[in-house]
Amino acid sequence: MTKTIAKTGLAAGNGAKAVAGLVVDYAPSIESDKIVTIPPRHQLYIGGQWLKPVEGRYFDSINPATLQVLSKVAEATAPDVDAAVRAAKRAYDRTWSKLSGRERGRYLFRIARLIQERARELAVLETLDNGKPIRETRDVDIPLVAAHFFYYAGWADKLGYAVPGAKFAPLGVAGQIIPWNFPLLMAAWKIAPALACGNTVVLKPAEQTPLAALKLVEIFEAAGLPEGVVNIVTGAGATGAALTAHPLVRKIAFTGSTDVGKIIARSVAGSGKKLTLELGGKSAHLIFADAALDQAVEGVVSGIFFNQGHVCCAGSRLLVEESVAARVLDKLKARMRKLRVGNPLDKNTDIGAINSSAELDKIRRLIETGKREGGRYFEPENITLPNTGNFLRPCLFSDVAQADTLCRVEVFGPVLAVSTFRTPAEAIAKANDTPYGLAAGIWSEKGSKVHAVAAQLKAGVVWANTYHKFDPASPFGGYGESGYGREGGRHGLLPYLEVQP
Amino acid sequence: MIVPVRDRDGASRAIALVPVDAVGAEERAAFFARRSIKARSKLDLLYLAIRMMDLTTLEGADTEARVRQMCHKALRPAAPALTQALEKIEGFRPIPPVAAVCVYPLLVPVAVKALAGSGVHVASVATSFPAGQVSLKLRLLDVREAVDNGADEIDMVINRGAFLAGEYQQVFDEIAAVREACGSAHLKVILETGELGTLDNVRLASDLAIAAGAHFIKTSTGKIQPAATPPVTLVMLQAIADHHARTGEHIGMKPAGGIRNAKQAIQYLCMLYETLGPDWMSPDLYRFGASALLNDVLRQIFRQYTGRYYYDKGYSLD
Amino acid sequence: MSPPLPTSLPVPKTHKLYIGGEFPRSESGRSYALTRPGAKRAYAQLCLASRKDLRAAVDAARAAQAGWAARSAYNRGQILYRMAEMIEGRADSWQTLLRSGLGHSAAQAARALAATVDALVYYAGASDKYPQIIGAVNPVAGPHHNFTTPEALGVVGLVFDDGPDPAASAARIAAAIAAGNTVVALLPGPAGGLVAEFGEAFATADLPAGVVNLLSGDAAELAPQFASHMEIQGLAFLRDEPARRIEVERAAADNMKRCVASHGPLLALERVLDFVEYKTVWHPIGT
């Protein structure tokens with residue numbers, strides 16, 4: 001079939017001259033990794049010392065873009081965790097709980113500044129260990145990490161205003177378990193409010209991505225943070241379990257999967273330990289016919305392809321009003337063809353490496369399930385992937401039903417499920433048809449509709465006419481099985497304080 | 001919401017109001033500044049930028065000599081010394097002429113003569129620019145005279161007063177009439193976006209101009225600030241993209257005013273490439289209305305070849 | 001014939017459950033006796049609610065929740081105040097229950113009643129205050145309006161102690177519904193005596209059917225059912241039973257129920273905050 005394309009512009013002339021445009025392939029623009037030195041072996045950071053693990057075991061931290069081992073990292077077992085918790089308790093009793101809020105705040109301010117000063121180094125390290133694009137670590141993750149410390153630094157001497165009319169006290173030792181998708185940002189989300197409120201910390205980074213958190217130690221030491229105030233134990237699930245089970249831990253903060261969150265909730269049942277859980281999601285992204293569609297499409301792209309889709313609040317279920325669904329899909333597909341997948345250190349990469357081979361397998365299996373269940377599959381055929389490393393084309397499934405796996409199960413990858421609705425009531429009902437309740441998106445240029453829909457969505461964060469915005473001043477957290485407690489803002493202090501009216 | 005207009009044959013046309021979220025558009029437009037264009041891609045885009053440039057002089061003090069001087073720069077943007085310095089470098093590609101020069105109707109014959117046979121177009125801002133405070137009849141006469149004098153591109157400014165007053169039919173009719181007066185010359189419709197107030201208006205004016213027969217839509221005259229900005233340009237490109245999706249037609253785009261350096265030009269080209277695609281990466285469908293830009297692009301070309309900057313005297317004025 | 005002389009033999013009050021605005025008996029047909037300490041005869045027979053009664057109560061609470069939360073905070077406050085009025089208006093009946101049924105002294109009964117009314121009035125005035133106190137407009141670094149508001153959690157289960165404490169029960173119930181939650185409360189053992197008095201006062205206080213549902217019964221039997229019910233979003237297990245608490249909180253993790261352990265002060269905004277979610281909304285600021 002031949003297609004006649006009318007060319008206007010200045011080429012139209014007599015209709016004879018063809019348009020000859022330039023195909024541009026952005027040359028690689030690689031951020032140098034020389035700025036960061038990664039020790040070949042990492043120990044546990046306990047009580048201000050680097051200690052070898054009692055059992056002497058180490059695991060590999062791998063660069064998912066090259067599959068090369070970046071470093072050997074100590075695996076903490078129960079005795080190591082016990083030592084770390086005791087160090088934290090000692091630091092709490094002897095130093096940290098005795099400092100004034102102003103002094104605690106001063107340490108946090110110093111940490112924030114040092115992070116800003118070493119931003120480039122941290123961004124590169126995070127990209128190496130995690131696989132996310134340098135553009136994101138440089139422009140999103142690291143600036144937010146510094147901002148988070150800066151924000152909570154200022155709260156440390158103003159806690160009385162956070163809980164007006166009530167008495168408050170720190171809890172003691174906080175055990176914090178963080179995921180691999182935003183390793184440094186999650187460390188900041190956990191550590192900053194805990195320290196501001198006067199608690200001490202034992203942090204367990206994800207076993208896939210421990211390096212950036214371990215690098216933070218240099219910053220804590222440069223800031224003069226007293227020993228034992230922050231301790232870092234590396235390891236996998238068993239390390240985390242030892243931490244949550246430790247009787248001296250008074251507070252558990254966990255970000256990760258809903259399955260693990262439930263295990264933790266069961267394990268601390270009846271113990272009186274305070275618990276904050278930031279779990280999974282299957283967040284709905286609603287586009288109404290009266291939306292600014294070009295910006296909505298950008299929101300959708302950011303919503304599902306930011307950080308390779310490894311985002312708990314990813315807008316993974318796109319619900320479009322039927323009357324504009326075809327147009328939105330066309331625009332979305334055109335936009336997806338412009339995404340650049342590849343070397344995470346390339347400053348022009350939009351989508352980096354899937355964090356691990358296991359995760360890549362899981363996503364691929366879910367894509368196969370989606371195909372089997374009859375969703376209409378699309379991937380930008382023009383995107384070429386690097387030969388090595390964990391890379392995947394972004395994709396979407398249209399004509400997906402509420403009953404399908406992709407509408408119910410968290411994929412945690414660059415896979416979008418698209419379906420349609422006819423009325424606001426139907427949109428709201430479908431959006432809420434999930435046990436999760438972390439986030440939601442709304443696109444409409446009608447103010448009253450935005451407010452009405454936002455009020456009825458069962459989600460802790462509602463992005464209206466935008467998506468994936470984060471700020472230390474903005475509380476973040478979910479409804480239902482997306483967990484409980486809030487991180488960020490004044491509300492993010494409450495899980496770290498014992499409040500008595 | 002629909003804006004109804006009737007075309008010259010009396011047939012009714014419906015122009016849908018397409019809302020724009022300003023913050024989202026600004027955010028997306030700013031994204032292109034974060035593209036890091038290096039090496040061969042950078043050189044390609046710098047050469048393309050020269051080939052897309054409209055050199056313009058629209059001053060009360062314009063003289064025939066002034067126009068002739070600008071034509072020389074248009075034909076040979078690089079001064080002899082610069083070319084000589086670069087010619088020794090392996091792989092050096094000659095610096096191309098620009099796309100067009102843009103002058104008042106009265107000076108069109110001067111430009112036509114100076115550029116004869118070169119392929120550089122002669123554009124004229126007709127319609128009694130800049131004030132335009134004469135009857136439509138006279139403005140059309142102005143256009144026809146420019147075309148008769150040999151201009152193959154006509155730039156006109158829409159009636160912002162009528163647009164802001166909601167007199168969309170009038171805006172449409174004037175554009176359609178000028179298009180007719182253009183004959184075989186191409187029409188670039190200047191929206192003067194700095195006076196439209198919102199991106200919603202930029203989008204509607206773009207759609208209106210395209211519906212009325214514009215070959216190109218253009219941001220600004222350069223007389224009003226702000227002139228071209230990345231968000232305004234992005235919104236206009238999206239209007240072009242939607243029109244293309246509907247009709248298959250390729251409408252051209254010309255940001256003008258405010259693009260002063262090569263870095264900005266590259267950002268605009270990344271925006272173009274990622275919004276409309278390779279078809280538009282051509283002077284037939286994209287122009288820069290910017291005079292100060294040319295020397296900075298040349299400066300960056302020298303830098304790309306040599307890794308250092310040449311001295312200012314190596315670049316000619318104009 | 002002249003009418004027969006009235007008998008002095010009292011008609012014992014029938015104590016039923018309060019579910020969906022109605023007063024059904026337990027579907028199980030089971031009951032237990034409420035006997036004042038030291039009394040020879042039972043004061044009343046109470047319904048021993050079953051698992052099925054609990055399910056019916058949760059269904060009623062679910063059905064009522066969206067509508068209740070959608071009412072204005074002012075309206076919810078009005079109704080809570082009306083509930084206080086209705087309880088005060090039934091002072092005699094309460095006195096009878098508290099003294100004859102639950103063994104309070106006259107002074108104790110008067111104090112309990114006054115405290116119950118206090119609790120309802122406190123929360124009547126809370127429904128339109130707590131969002132201002134705990135809500136926020138957040139100064140994010142960008143062109144966005146960002147605000148956080150508390151919202152109702154959904155259906156809240158309250159498992160009270162066996163010892164009847166009308167003021168504490170009223171406070172917990174009022175705090176939960178002030179925020180727009182609906183409640184299923186188990187008043188177990190002797191506390192079950194409160195079900196009828198509360199139910200009758202609430203049913204005549206313009207409180208929509210299903211907003212508060214009250215069960216009498218056995219905590220050991222029903223607490224695990226509360227904990228595992230997947231349509232209950234929040235649970236206060238207000239009993240000093242450490243072993244059972246572990247069991248309850250474990251089961252509650254299945255649907256990530258928000259669990260509250262200690263009673264805490266009765267009159268405090270924190271009691272409202274026990275069962276709210278925080279929603280943060282972003283919107284661009286642009287023209």
# chains A, B, ... in the order shown; residues from 1 in each chain; ligands from 1
call {"tool": "interface_residues", "arguments": {"of": "chain B", "to": "chain C", "cutoff": "7 Å", "atoms": "only C-alpha atoms", "output": "list of chain:residue names"}}
result
B:Ala22, B:Val23, B:Thr198
call {"tool": "write_last_selection", "arguments": {"atoms": "C-alpha atoms", "output": "PDB file, in the first residue's frame"}}
result
ATOM      1  CA  ALA B  22       1.256  25.352  31.441  1.00  0.00           C
ATOM      2  CA  VAL B  23       3.387  23.762  34.134  1.00  0.00           C
ATOM      3  CA  THR B 198      -1.478  31.936  27.786  1.00  0.00           C
TER       4      THR B 198
END
call {"tool": "residues_around", "arguments": {"residues": "segment 255-265 of chain C", "least_positions_apart": "6", "cutoff": "10 Å", "atoms": "only C-alpha atoms", "output": "ChimeraX atom specification"}}
result
/A:258,261-262,265-266,269-270,272,277,435-436,479-485,500-501 /C:153,156-158,160,168,171-172,227-240,245,248-249,271,274-277
call {"tool": "residues_around", "arguments": {"residues": "Pro96 of chain B", "least_positions_apart": "3", "cutoff": "9 Å", "atoms": "only C-alpha atoms", "output": "list in words"}}
result
Tyr47, Leu48, Ile50, Arg51, Leu75, Arg76, Pro77, Ala78 and Arg93 of chain B
call {"tool": "residues_around", "arguments": {"residues": "Gly437 of chain A", "least_positions_apart": "3", "cutoff": "9 Å", "atoms": "only C-alpha atoms", "output": "NGL selection string"}}
result
:A and (280-283 or 432 or 434 or 440 or 457-461 or 477-483)
call {"tool": "select_by_dssp", "arguments": {"residues": "segment 80-179 of chain A", "states": "strand (DSSP E)", "output": "ChimeraX atom specification"}}
result
/A:167-170,173-177
call {"tool": "write_last_selection", "arguments": {"atoms": "C-alpha atoms", "output": "short mmCIF file (atom, residue, chain, number, x, y, z; two decimals), in the first residue's frame"}}
result
data_model
loop_
_atom_site.label_atom_id
_atom_site.label_comp_id
_atom_site.auth_asym_id
_atom_site.auth_seq_id
_atom_site.Cartn_x
_atom_site.Cartn_y
_atom_site.Cartn_z
CA LYS A 167 3.94 15.69 74.89
CA PHE A 168 6.42 13.79 72.82
CA ALA A 169 9.60 11.78 73.10
CA PRO A 170 11.84 9.84 70.74
CA VAL A 173 16.45 2.55 68.25
CA ALA A 174 14.80 2.54 64.83
CA GLY A 175 15.37 -0.46 62.55
CA GLN A 176 15.04 0.63 58.94
CA ILE A 177 14.88 -1.64 55.93
#
call {"tool": "closest_residue", "arguments": {"among": "C:Ala167, C:Ala57, C:Ala174, C:Leu9", "to": "Ser26 of chain C", "atoms": "only C-alpha atoms"}}
result
C:Ala57
call {"tool": "interface_residues", "arguments": {"of": "chain B", "to": "chain A", "cutoff": "7 Å", "atoms": "only C-alpha atoms", "output": "ChimeraX atom specification"}}
result
/B:18-21,24-25,35-41,186,215-216,248-252,274,278-282,284-285
call {"tool": "atom_distance", "arguments": {"atom1": "atom CA of Cys182 of chain B", "atom2": "atom CA of Ser128 of chain B"}}
result
14.4 Å
call {"tool": "select_by_dssp", "arguments": {"residues": "segment 43-276 of chain C", "states": "helix (DSSP H, G or I)", "output": "PyMOL selection string"}}
result
chain C and resi 51-70+73-89+91-101+106-124+130-134+166-178+189-203+219-228+242-255+269-273
call {"tool": "atom_distance", "arguments": {"atom1": "atom CA of Leu86 of chain B", "atom2": "atom CA of Tyr315 of chain B"}}
result
12.7 Å
